[in-house]
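Colleague: A single structure is presented below for examination.
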Amino acid sequence: MYAYDELDRTIVNERVSEFRDQVARRLSGELTEDEFKTLRLMNGVYLQLHAYMLRIAIPYGTLSSRQMRALAHVARKYDRGYGHFTTRQNIQFHWIKLADLPDAMADLAEVGIHGMQTSGNCTRNVTADQWAGVVPGEIEDPRIWAEIIRQYSTLHPEFSFLPRKFKFAITASDHDRAAIKVHDIGLRIHRNAEGEVGFEVLVGGGLGRTPFLAKTINEFVSHRDILSYVESILRVYNQYGRRDNIYKARIKILVHELGIEKFKQEVEEEWRHVRDGVLALDPSEIEEIRSRFMYPAYETLSDQPEELRKAALNPNFERWRENSVAAHKVPGYAIVTLSLKPVGGTPGDATAQQMDRIADLADKYSFGEIRVGHEQNLALPHVAQRDLPALWRALDEAGVATPNVNLVSDIISCPGLDYCSLANARSIPIAQELTRRFANPDTAALIGRLHINISGCINACGHHHVGHIGILGVEKSGEEFYQITIGGRADEQAELGTLVGPAVPHEQVADVIEDIVEAYLALRQRPDELFVDVVKRLGVAPFKERVYATR
Amino acid sequence: MTSPLQQKIKISGPSIVTANRTRDGAVIYRTSSHDWSVKLDDAAVVRTADDARALLTDAAADDLGAIGPYIAPVDVTDHGIAPGNLREKIRQQGVTIDLLVSA
């Protein structure tokens with residue numbers, strides 16, 4: 001966990017106080033909606049179909065049990081008893097009243113969390129690998145850098161009104177769980193040929209109406225230089241990014257139109273001026289941030305304890321362990337993913353009761369720490385392997401031990417037309433039907449790793465372009481239709497999916513997905529040839545033929 | 001963003017004006033008595049572009065009470081007024097999924 005200092009607390013408390021005044025002035029009529037809208041959006045307050053929505057940032061996906069209890073409290077006291085974890089390490093409350101927002105924010109501020117910069121044309125919540133700091137083989141904890149960028153970008157006066165929103169993601173592992181190639185800036189921590197640790201900087205990734213994978217702008221930027229390099233990118237974007245057309249305002253369009261070489265020239269020219277200025281990071285400053293991340297006092301334990309060997313005799317436990325438990329960098333410990341994807345449920349939703357229970361279990365089994373992943377699941381990052389059987393039983397009772405992590409029913413989905421004012425079609429009912437179709441755990445295990453992503457509109461909050469199977473809701477003559485893409489992926493081998501064919505109506509989507517999965521099972525050469533690898537090998541043609549031959 | 005009042009208004013059938021209530025975001029409908037109601041059946045129904053513009057102008061004047069008024073299609077039946085598209089149906093009837101916790 002990172003220990004926030006007095007400055008952080010002051011900023012958050014002052015913001016709550018300002019917002020309380022702004023809400024009072026709006027409710028008295030002193031502020032018009034036009035005047036107020038900008039102010040509320042700066043605090044993550046949107047207006048959705050039925051109510052206001054409050055989006056709360058969970059920087060780099062790390063939550064304390066105390067913070068989780070505060071989220072449960074807000075869900076219970078000010079909302080309808082649940083919250084929705086998003087694809088960007090945020091949580092949203094969908095039913096909150098304007099008059100209650102300042103009190104809800106004040107309650108969250110007590111534990112250091114807030115909605116600042118979860119909306120608006122500024123740097124958004126900086127996201128990172130949800131297994132940061134605990135996964136084996138990681139070069140260093142990427143959250144240190146996420147925190148440095150968070151501090152640098154919070155209320156940054158020059159970048160508070162960018163042409164459009166701006167998203168960072170950071171990873172320090174070979175396997176990218178942070179989807180860095182679909183972010184405005186992606187940072188991959190790695191070692192250069194000399195063995196120094198630094199950053200590969202990628203720029204111009206993003207989904208939405210015009211999807212692009214990020215391109216490498218610099219293979220290696222040192223610790224010292226990373227902030228000045230990032231600032232140079234932001235400056236070039238702030239100067240040249242389009243403000244005349246919202247659909248062409250993201251940095252991905254600028255990078256695409258200029259070309260990465262020209263864009264890089266502009267950035268490096270800017271960098272020449274700022275590289276040795278105030279943003280050059282001194283090792284002591286980096287160490288100061290690093291020292292504020294507190295790591296647990298792990299016991300000296302061995303892998304594969306007796307408790308685990310005994311529990312392995314239970315096939316239900318083994319099924320859960322196989323896809324929910326991952327290796328930890330410390331012997332005798334494990335990382336445990338909590339599925340927020342029960343059969344027939346809403347992907348990413350958790351009740352206040354579940355949040356409280358997870359907080360209790362984090363205290364008991366994970367040194368009080370919880371992680372939030374962009375796949376809309378949670379994780380307990382420091383679980384002693386001997387505790388896994390007891391933890392599994394407790395998670396199962398709490399409804400967050402569905403053994404489907406990374407399988408076909410572990411669906412990523414935006415809220416869609418059930419909640420969102422931008423959506424054209426519903427996402428959640430599609431996800432729910434698919435989880436019912438693939439509810440049999442034996443079938444899911446047979447299919448293997450398969451990510452389905454659903455978005456209710458082209459804004460792509462469900463990241464459908466990078467789903468192994470992507471489903472995009474569109475509206476045609478007042479009816480819900482869905483375009484289906486296959487072959488996308490969000491990891492280190494990121495790809496954008498390819499459209500299979502014409503959009504299909506709502507009631508046919510689950511059948512079509514079943515056809516695609518059946519085609520995959522027939523086409524794969526070995527049980528471990530993943531769906532995406534078959535699409536890569538054969539293209540969309542055999543899947544298209546299967547889907548449309550009888551439709 | 002262009003205000004709805006600055007846009008050309010075209011309607012193809014019976015329509016109403018709807019918005020969200022400022023204090024809690026609830027879905028509301030403009031009535032013929034220059035007020036708002038949470039019931040669609042209370043909404044003033046217009047059938048011409050001129051009437052729609054007049055109703056929208058009246059609604060937009062209440063910036064304190066409502067956010068983002070706009071014209072939406074409806075079907076008028078023997079049983080009352082029904083939403084004219086899925087979006088409005090969801091706004092009127094709520095989400096189409098079971099909530100984890102009852103409201």
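Following the order of the structure tokens, first chain is A, next is B, and so on, with residues numbered from 1 inside each chain and ligands from 1 in the order they appear.
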Using only C-alpha atoms, what table do you get, as CSV, when you list each residue of chain A with an atom no more than 9 Å from chain B, its nearest pair of atoms, and their distance in Å rounded to one decimal, rows by chain then rising number?
Modeller:
```
residue,atom,partner,partner_atom,distance
A:Arg26,CA,B:Leu64,CA,7.6
A:Leu27,CA,B:Arg23,CA,7.0
A:Ser28,CA,B:Leu64,CA,7.7
A:Gly29,CA,B:Leu64,CA,5.5
A:Glu30,CA,B:Leu64,CA,8.9
A:Leu31,CA,B:Leu64,CA,8.6
A:Thr32,CA,B:Asp63,CA,6.4
A:Glu33,CA,B:Asp63,CA,6.7
A:Leu47,CA,B:Gly25,CA,6.9
A:Gln48,CA,B:Gly25,CA,7.9
A:Leu49,CA,B:Arg91,CA,5.9
A:His50,CA,B:Ala26,CA,5.5
A:Ala51,CA,B:Gly25,CA,4.0
A:Tyr52,CA,B:Gly25,CA,5.4
A:Arg80,CA,B:Ala103,CA,5.9
A:Gly81,CA,B:Val101,CA,6.1
A:Tyr82,CA,B:Val101,CA,7.0
A:Trp95,CA,B:Asp24,CA,8.4
A:Ile96,CA,B:Asp24,CA,7.1
A:Lys97,CA,B:Asp24,CA,4.2
A:Leu98,CA,B:Asp24,CA,5.3
A:Ala99,CA,B:Arg23,CA,6.3
A:Asp100,CA,B:Asp24,CA,8.8
A:Gly345,CA,B:Leu100,CA,8.1
A:Thr346,CA,B:Leu99,CA,8.4
A:Asp349,CA,B:Leu100,CA,8.1
A:Ala350,CA,B:Leu100,CA,7.9
A:Thr351,CA,B:Leu100,CA,6.7
A:Leu417,CA,B:Arg87,CA,7.0
A:Asp418,CA,B:Val95,CA,4.8
A:Tyr419,CA,B:Val95,CA,6.9
A:Ser421,CA,B:Arg87,CA,8.7
A:Ala423,CA,B:Arg87,CA,8.8
A:Asn424,CA,B:Arg87,CA,8.0
A:Ala425,CA,B:Arg87,CA,8.4
A:Arg426,CA,B:Thr96,CA,8.9
A:Ile428,CA,B:Ile97,CA,7.6
A:Pro429,CA,B:Ile97,CA,6.7
A:Gly478,CA,B:Asn85,CA,6.5
A:Glu479,CA,B:Leu86,CA,7.9
A:Glu480,CA,B:Leu86,CA,8.7
```
Colleague: Restrict the selected residues to C-alpha atoms and save them as an mmCIF file, in the first residue's frame.
Modeller:
```cif
data_model
loop_
_atom_site.group_PDB
_atom_site.id
_atom_site.type_symbol
_atom_site.label_atom_id
_atom_site.label_comp_id
_atom_site.auth_asym_id
_atom_site.auth_seq_id
_atom_site.Cartn_x
_atom_site.Cartn_y
_atom_site.Cartn_z
ATOM 1 C CA ARG A 26 -26.380 24.628 -8.285
ATOM 2 C CA LEU A 27 -29.324 23.572 -6.138
ATOM 3 C CA SER A 28 -30.080 27.192 -5.271
ATOM 4 C CA GLY A 29 -30.013 28.235 -8.900
ATOM 5 C CA GLU A 30 -26.902 30.367 -8.540
ATOM 6 C CA LEU A 31 -25.114 28.117 -11.041
ATOM 7 C CA THR A 32 -26.707 27.025 -14.311
ATOM 8 C CA GLU A 33 -26.296 23.449 -15.507
ATOM 9 C CA LEU A 47 -25.506 12.160 -15.572
ATOM 10 C CA GLN A 48 -26.659 8.798 -16.862
ATOM 11 C CA LEU A 49 -30.053 7.566 -18.029
ATOM 12 C CA HIS A 50 -31.712 7.266 -14.638
ATOM 13 C CA ALA A 51 -29.555 9.194 -12.206
ATOM 14 C CA TYR A 52 -26.199 10.771 -11.488
ATOM 15 C CA ARG A 80 -28.584 1.217 -4.026
ATOM 16 C CA GLY A 81 -26.275 -1.130 -2.213
ATOM 17 C CA TYR A 82 -23.825 -2.032 -4.949
ATOM 18 C CA TRP A 95 -27.840 5.864 -8.459
ATOM 19 C CA ILE A 96 -26.439 8.679 -6.396
ATOM 20 C CA LYS A 97 -28.342 11.904 -5.676
ATOM 21 C CA LEU A 98 -26.761 15.286 -6.327
ATOM 22 C CA ALA A 99 -27.482 16.528 -2.828
ATOM 23 C CA ASP A 100 -25.781 13.449 -1.338
ATOM 24 C CA GLY A 345 -24.642 -11.696 -13.032
ATOM 25 C CA THR A 346 -23.519 -8.250 -14.130
ATOM 26 C CA ASP A 349 -20.751 -5.511 -9.937
ATOM 27 C CA ALA A 350 -20.289 -6.113 -6.213
ATOM 28 C CA THR A 351 -22.749 -5.530 -3.388
ATOM 29 C CA LEU A 417 -27.953 0.939 -22.507
ATOM 30 C CA ASP A 418 -29.281 -0.232 -19.157
ATOM 31 C CA TYR A 419 -27.426 2.669 -17.551
ATOM 32 C CA SER A 421 -26.636 7.786 -21.817
ATOM 33 C CA ALA A 423 -25.019 3.590 -25.358
ATOM 34 C CA ASN A 424 -26.926 2.392 -28.409
ATOM 35 C CA ALA A 425 -27.591 -1.119 -27.184
ATOM 36 C CA ARG A 426 -27.553 -3.195 -24.032
ATOM 37 C CA ILE A 428 -25.241 -6.658 -19.665
ATOM 38 C CA PRO A 429 -28.102 -8.916 -20.858
ATOM 39 C CA GLY A 478 -34.630 1.347 -33.529
ATOM 40 C CA GLU A 479 -33.506 -2.229 -32.956
ATOM 41 C CA GLU A 480 -30.422 -3.529 -31.136
#
```
Colleague: Check which residues of range 124-209 of chain A sit at most 8 Å from range 324-333 of chain A using only C-alpha atoms, and return one row each with the closest pair of atoms and their distance in Å to one decimal, ordered by chain and rising number, as CSV.
Modeller:
```
residue,atom,partner,partner_atom,distance
A:Val134,CA,A:Lys329,CA,5.5
A:Val135,CA,A:His328,CA,5.2
A:Pro136,CA,A:Lys329,CA,4.2
A:Gly137,CA,A:Lys329,CA,7.5
```
Colleague: Store the residues of this selection in a file with N, CA and C atoms, as a PDB file, in the first residue's frame.
Modeller:
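File written: part-v8.pdb
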```
ATOM      1  N   VAL A 134       3.916  -8.072  -6.762  1.00  0.00           N
ATOM      2  CA  VAL A 134       3.826  -9.430  -6.203  1.00  0.00           C
ATOM      3  C   VAL A 134       4.086 -10.536  -7.233  1.00  0.00           C
ATOM      4  N   VAL A 135       4.049 -10.179  -8.496  1.00  0.00           N
ATOM      5  CA  VAL A 135       4.151 -11.223  -9.515  1.00  0.00           C
ATOM      6  C   VAL A 135       5.634 -11.578  -9.744  1.00  0.00           C
ATOM      7  N   PRO A 136       5.961 -12.864  -9.893  1.00  0.00           N
ATOM      8  CA  PRO A 136       7.358 -13.234 -10.123  1.00  0.00           C
ATOM      9  C   PRO A 136       7.874 -12.650 -11.441  1.00  0.00           C
ATOM     10  N   GLY A 137       9.148 -12.332 -11.451  1.00  0.00           N
ATOM     11  CA  GLY A 137       9.790 -11.901 -12.687  1.00  0.00           C
ATOM     12  C   GLY A 137       9.630 -10.427 -13.010  1.00  0.00           C
TER      13      GLY A 137
END
```
Colleague: Might you pull out every residue within 10 Å of Ile286 in chain A, with only C-alpha atoms counted and same-chain residues fewer than 2 positions away left off, and present them as a list in words?
Modeller: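 Using only C-alpha atoms, the neighbours found are Ile144, Trp145, Ile148, His223, Arg224, Leu281, Asp282, Pro283, Ser284, Glu288, Ile289, Arg290 and Ser291 of chain A.
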Colleague: Find the residues around Ile11 in chain B up to 7 Å (only C-alpha atoms counted), leave out those fewer than 2 positions away in its own chain, and share them as an mmCIF file with N, CA, C and O atoms, in the first residue's frame.
Modeller:
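Okay, result_24.cif is ready:
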```cif
data_model
loop_
_atom_site.group_PDB
_atom_site.id
_atom_site.type_symbol
_atom_site.label_atom_id
_atom_site.label_comp_id
_atom_site.auth_asym_id
_atom_site.auth_seq_id
_atom_site.Cartn_x
_atom_site.Cartn_y
_atom_site.Cartn_z
ATOM 1 N N ILE B 9 -35.928 21.109 -35.546
ATOM 2 C CA ILE B 9 -36.757 20.097 -34.887
ATOM 3 C C ILE B 9 -37.620 19.390 -35.926
ATOM 4 O O ILE B 9 -38.366 20.021 -36.672
ATOM 5 N N GLY B 13 -44.065 11.768 -35.315
ATOM 6 C CA GLY B 13 -45.251 11.230 -34.665
ATOM 7 C C GLY B 13 -45.400 11.880 -33.309
ATOM 8 O O GLY B 13 -44.701 12.844 -32.990
ATOM 9 N N THR B 48 -46.728 18.342 -33.696
ATOM 10 C CA THR B 48 -46.122 19.148 -34.761
ATOM 11 C C THR B 48 -44.783 19.678 -34.270
ATOM 12 O O THR B 48 -44.546 19.804 -33.056
ATOM 13 N N ALA B 49 -43.947 20.036 -35.237
ATOM 14 C CA ALA B 49 -42.618 20.556 -34.883
ATOM 15 C C ALA B 49 -42.746 21.870 -34.117
ATOM 16 O O ALA B 49 -41.991 22.125 -33.170
#
```
Colleague: Which residue, A:Ser232, A:Leu391, A:Glu287, A:Arg250, has the smallest gap to Glu269 in chain A when you use only C-alpha atoms?
Modeller: A:Ser232
Colleague: Do a neighbour search on range 190-202 of chain A at 9 Å with only C-alpha atoms, toss out local chain neighbours closer than 4 positions, and write the hits as a PyMOL selection string.
Modeller: chain A and resi 139-140+172-174+180-181+183-186+214-224+226+229-230
Colleague: Taking into account only C-alpha atoms, which residue in the set A:Val383, A:Leu530, A:Ala439, A:Leu213 is nearest to His451 in chain A?
Modeller: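 Result for the nearest residue to His451 in chain A: A:Leu530.
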Colleague: Need the shell around Lys8 in chain B: protein/DNA/RNA residues with any atom at most 12 Å away, counting only C-alpha atoms. Skip same-chain ones fewer than 3 positions apart. Format as a ChimeraX atom specification?
Modeller: /B:2-5,11,49-50,52-53,71
Colleague: Find the spatial neighbours of Val74 in chain B, counting only C-alpha atoms, within a cut-off of 10 Å - ignore same-chain residues fewer than 4 positions away - and output them as an NGL selection string.
Modeller: :B and (13-17 or 40 or 45-46 or 81-85 or 88-89)
Colleague: Keeping only N, CA, C and O atoms, write the selected residues to a file as a tab-separated table (two decimals), in the first residue's frame.
Modeller:
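Written file, result_1.tsv:
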```tsv
chain	number	residue	atom	x	y	z
B	13	GLY	N	-44.06	11.77	-35.32
B	13	GLY	CA	-45.25	11.23	-34.66
B	13	GLY	C	-45.40	11.88	-33.31
B	13	GLY	O	-44.70	12.84	-32.99
B	14	PRO	N	-46.28	11.36	-32.48
B	14	PRO	CA	-46.47	11.96	-31.16
B	14	PRO	C	-45.17	11.97	-30.36
B	14	PRO	O	-44.42	11.00	-30.37
B	15	SER	N	-44.95	13.09	-29.70
B	15	SER	CA	-43.68	13.26	-28.98
B	15	SER	C	-43.92	13.96	-27.66
B	15	SER	O	-44.94	14.64	-27.46
B	16	ILE	N	-42.96	13.81	-26.78
B	16	ILE	CA	-43.01	14.47	-25.48
B	16	ILE	C	-41.63	15.11	-25.22
B	16	ILE	O	-40.70	14.92	-25.98
B	17	VAL	N	-41.56	15.88	-24.14
B	17	VAL	CA	-40.26	16.42	-23.73
B	17	VAL	C	-39.89	15.78	-22.39
B	17	VAL	O	-40.69	15.75	-21.46
B	40	LEU	N	-44.92	9.18	-17.14
B	40	LEU	CA	-45.02	9.46	-18.57
B	40	LEU	C	-46.46	9.82	-18.95
B	40	LEU	O	-46.69	10.64	-19.83
B	45	VAL	N	-48.33	15.77	-24.80
B	45	VAL	CA	-47.99	15.15	-26.09
B	45	VAL	C	-48.16	16.18	-27.19
B	45	VAL	O	-49.19	16.86	-27.26
B	46	VAL	N	-47.12	16.29	-28.03
B	46	VAL	CA	-47.19	17.22	-29.16
B	46	VAL	C	-47.09	16.42	-30.45
B	46	VAL	O	-46.50	15.34	-30.49
B	81	ILE	N	-49.73	6.57	-22.52
B	81	ILE	CA	-48.56	6.94	-23.33
B	81	ILE	C	-47.47	5.90	-23.09
B	81	ILE	O	-47.17	5.56	-21.94
B	82	ALA	N	-46.89	5.44	-24.18
B	82	ALA	CA	-45.81	4.45	-24.06
B	82	ALA	C	-44.55	5.00	-24.73
B	82	ALA	O	-44.63	5.75	-25.70
B	83	PRO	N	-43.37	4.64	-24.20
B	83	PRO	CA	-42.12	5.11	-24.81
B	83	PRO	C	-42.03	4.66	-26.26
B	83	PRO	O	-42.46	3.57	-26.62
B	84	GLY	N	-41.42	5.51	-27.10
B	84	GLY	CA	-41.36	5.21	-28.53
B	84	GLY	C	-40.11	4.48	-28.96
B	84	GLY	O	-39.98	4.12	-30.13
B	85	ASN	N	-39.17	4.29	-28.07
B	85	ASN	CA	-37.98	3.50	-28.43
B	85	ASN	C	-37.41	2.84	-27.17
B	85	ASN	O	-37.86	3.11	-26.05
B	88	GLU	N	-35.91	5.08	-24.36
B	88	GLU	CA	-36.92	5.73	-23.51
B	88	GLU	C	-37.67	4.71	-22.66
B	88	GLU	O	-38.11	5.01	-21.55
B	89	LYS	N	-37.82	3.51	-23.18
B	89	LYS	CA	-38.45	2.46	-22.40
B	89	LYS	C	-37.61	2.14	-21.15
B	89	LYS	O	-38.13	1.99	-20.04
```
Colleague: Give me every alpha helix (DSSP H) residue in chain B, going by DSSP on the backbone, as a VMD selection string.
Modeller: chain B and resid 49 to 60 86 to 93
Colleague: Separation of CA of Glu147 in chain A and CA of Asn125 in chain A, in Å?
Modeller: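 Computing the Euclidean distance for CA of Glu147 in chain A and CA of Asn125 in chain A yields 10.2 Å.
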Colleague: Return the single residue from A:Cys122, A:Ala109, A:Leu434, A:Ala541 that is closest to Val343 in chain A, with distances computed using only C-alpha atoms.
Modeller: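 The shortest atom-to-atom distance to Val343 in chain A comes from A:Leu434.
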Colleague: Check which residues of range 111-160 of chain A sit at most 8 Å from range 55-58 of chain A using only C-alpha atoms, and return one row each with the closest pair of atoms and their distance in Å to one decimal, ordered by chain and rising number, as CSV.
Modeller:
```
residue,atom,partner,partner_atom,distance
A:Ile113,CA,A:Ala57,CA,7.0
A:His114,CA,A:Ile56,CA,5.5
A:Gly115,CA,A:Ile56,CA,4.3
A:Met116,CA,A:Ala57,CA,7.5
A:Thr118,CA,A:Ala57,CA,6.2
A:Asn125,CA,A:Ala57,CA,5.9
```
Colleague: Go ahead and dump the residues you just picked, C-alpha atoms, as an mmCIF file, in the first residue's frame.
Modeller:
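Just written: selection_5.cif:
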```cif
data_model
loop_
_atom_site.group_PDB
_atom_site.id
_atom_site.type_symbol
_atom_site.label_atom_id
_atom_site.label_comp_id
_atom_site.auth_asym_id
_atom_site.auth_seq_id
_atom_site.Cartn_x
_atom_site.Cartn_y
_atom_site.Cartn_z
ATOM 1 C CA ILE A 113 -10.071 8.199 -2.367
ATOM 2 C CA HIS A 114 -11.902 10.537 -4.710
ATOM 3 C CA GLY A 115 -13.282 11.090 -8.189
ATOM 4 C CA MET A 116 -10.888 13.812 -9.306
ATOM 5 C CA THR A 118 -11.986 10.420 -13.555
ATOM 6 C CA ASN A 125 -6.580 7.562 -13.356
#
```
Colleague: Interatomic distance between CA of Ser12 in chain B and CA of Val76 in chain B?
Modeller: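 These atoms are spaced 13.2 Å apart.
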Colleague: What parts of range 268-366 of chain A does DSSP call strand (DSSP E or B)? I'd like the answer as an NGL selection string.
Modeller: :A and (293 or 325-327 or 333-338 or 349-351)
Colleague: Could those selected residues go to a file with C-alpha atoms, as a tab-separated table (two decimals), in the first residue's frame?
Modeller:
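Below is the file result19.tsv, written as the result:
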```
chain	number	residue	atom	x	y	z
A	293	PHE	CA	4.97	1.82	-0.62
A	325	VAL	CA	-4.66	-18.72	-8.07
A	326	ALA	CA	-1.41	-17.41	-9.52
A	327	ALA	CA	2.21	-17.69	-8.52
A	333	TYR	CA	2.30	-17.19	-1.04
A	334	ALA	CA	-0.17	-16.81	-3.90
A	335	ILE	CA	-2.16	-14.16	-5.76
A	336	VAL	CA	-5.88	-14.93	-5.70
A	337	THR	CA	-8.32	-13.51	-8.24
A	338	LEU	CA	-11.90	-12.97	-7.09
A	349	ASP	CA	-20.75	-5.51	-9.94
A	350	ALA	CA	-20.29	-6.11	-6.21
A	351	THR	CA	-22.75	-5.53	-3.39
```
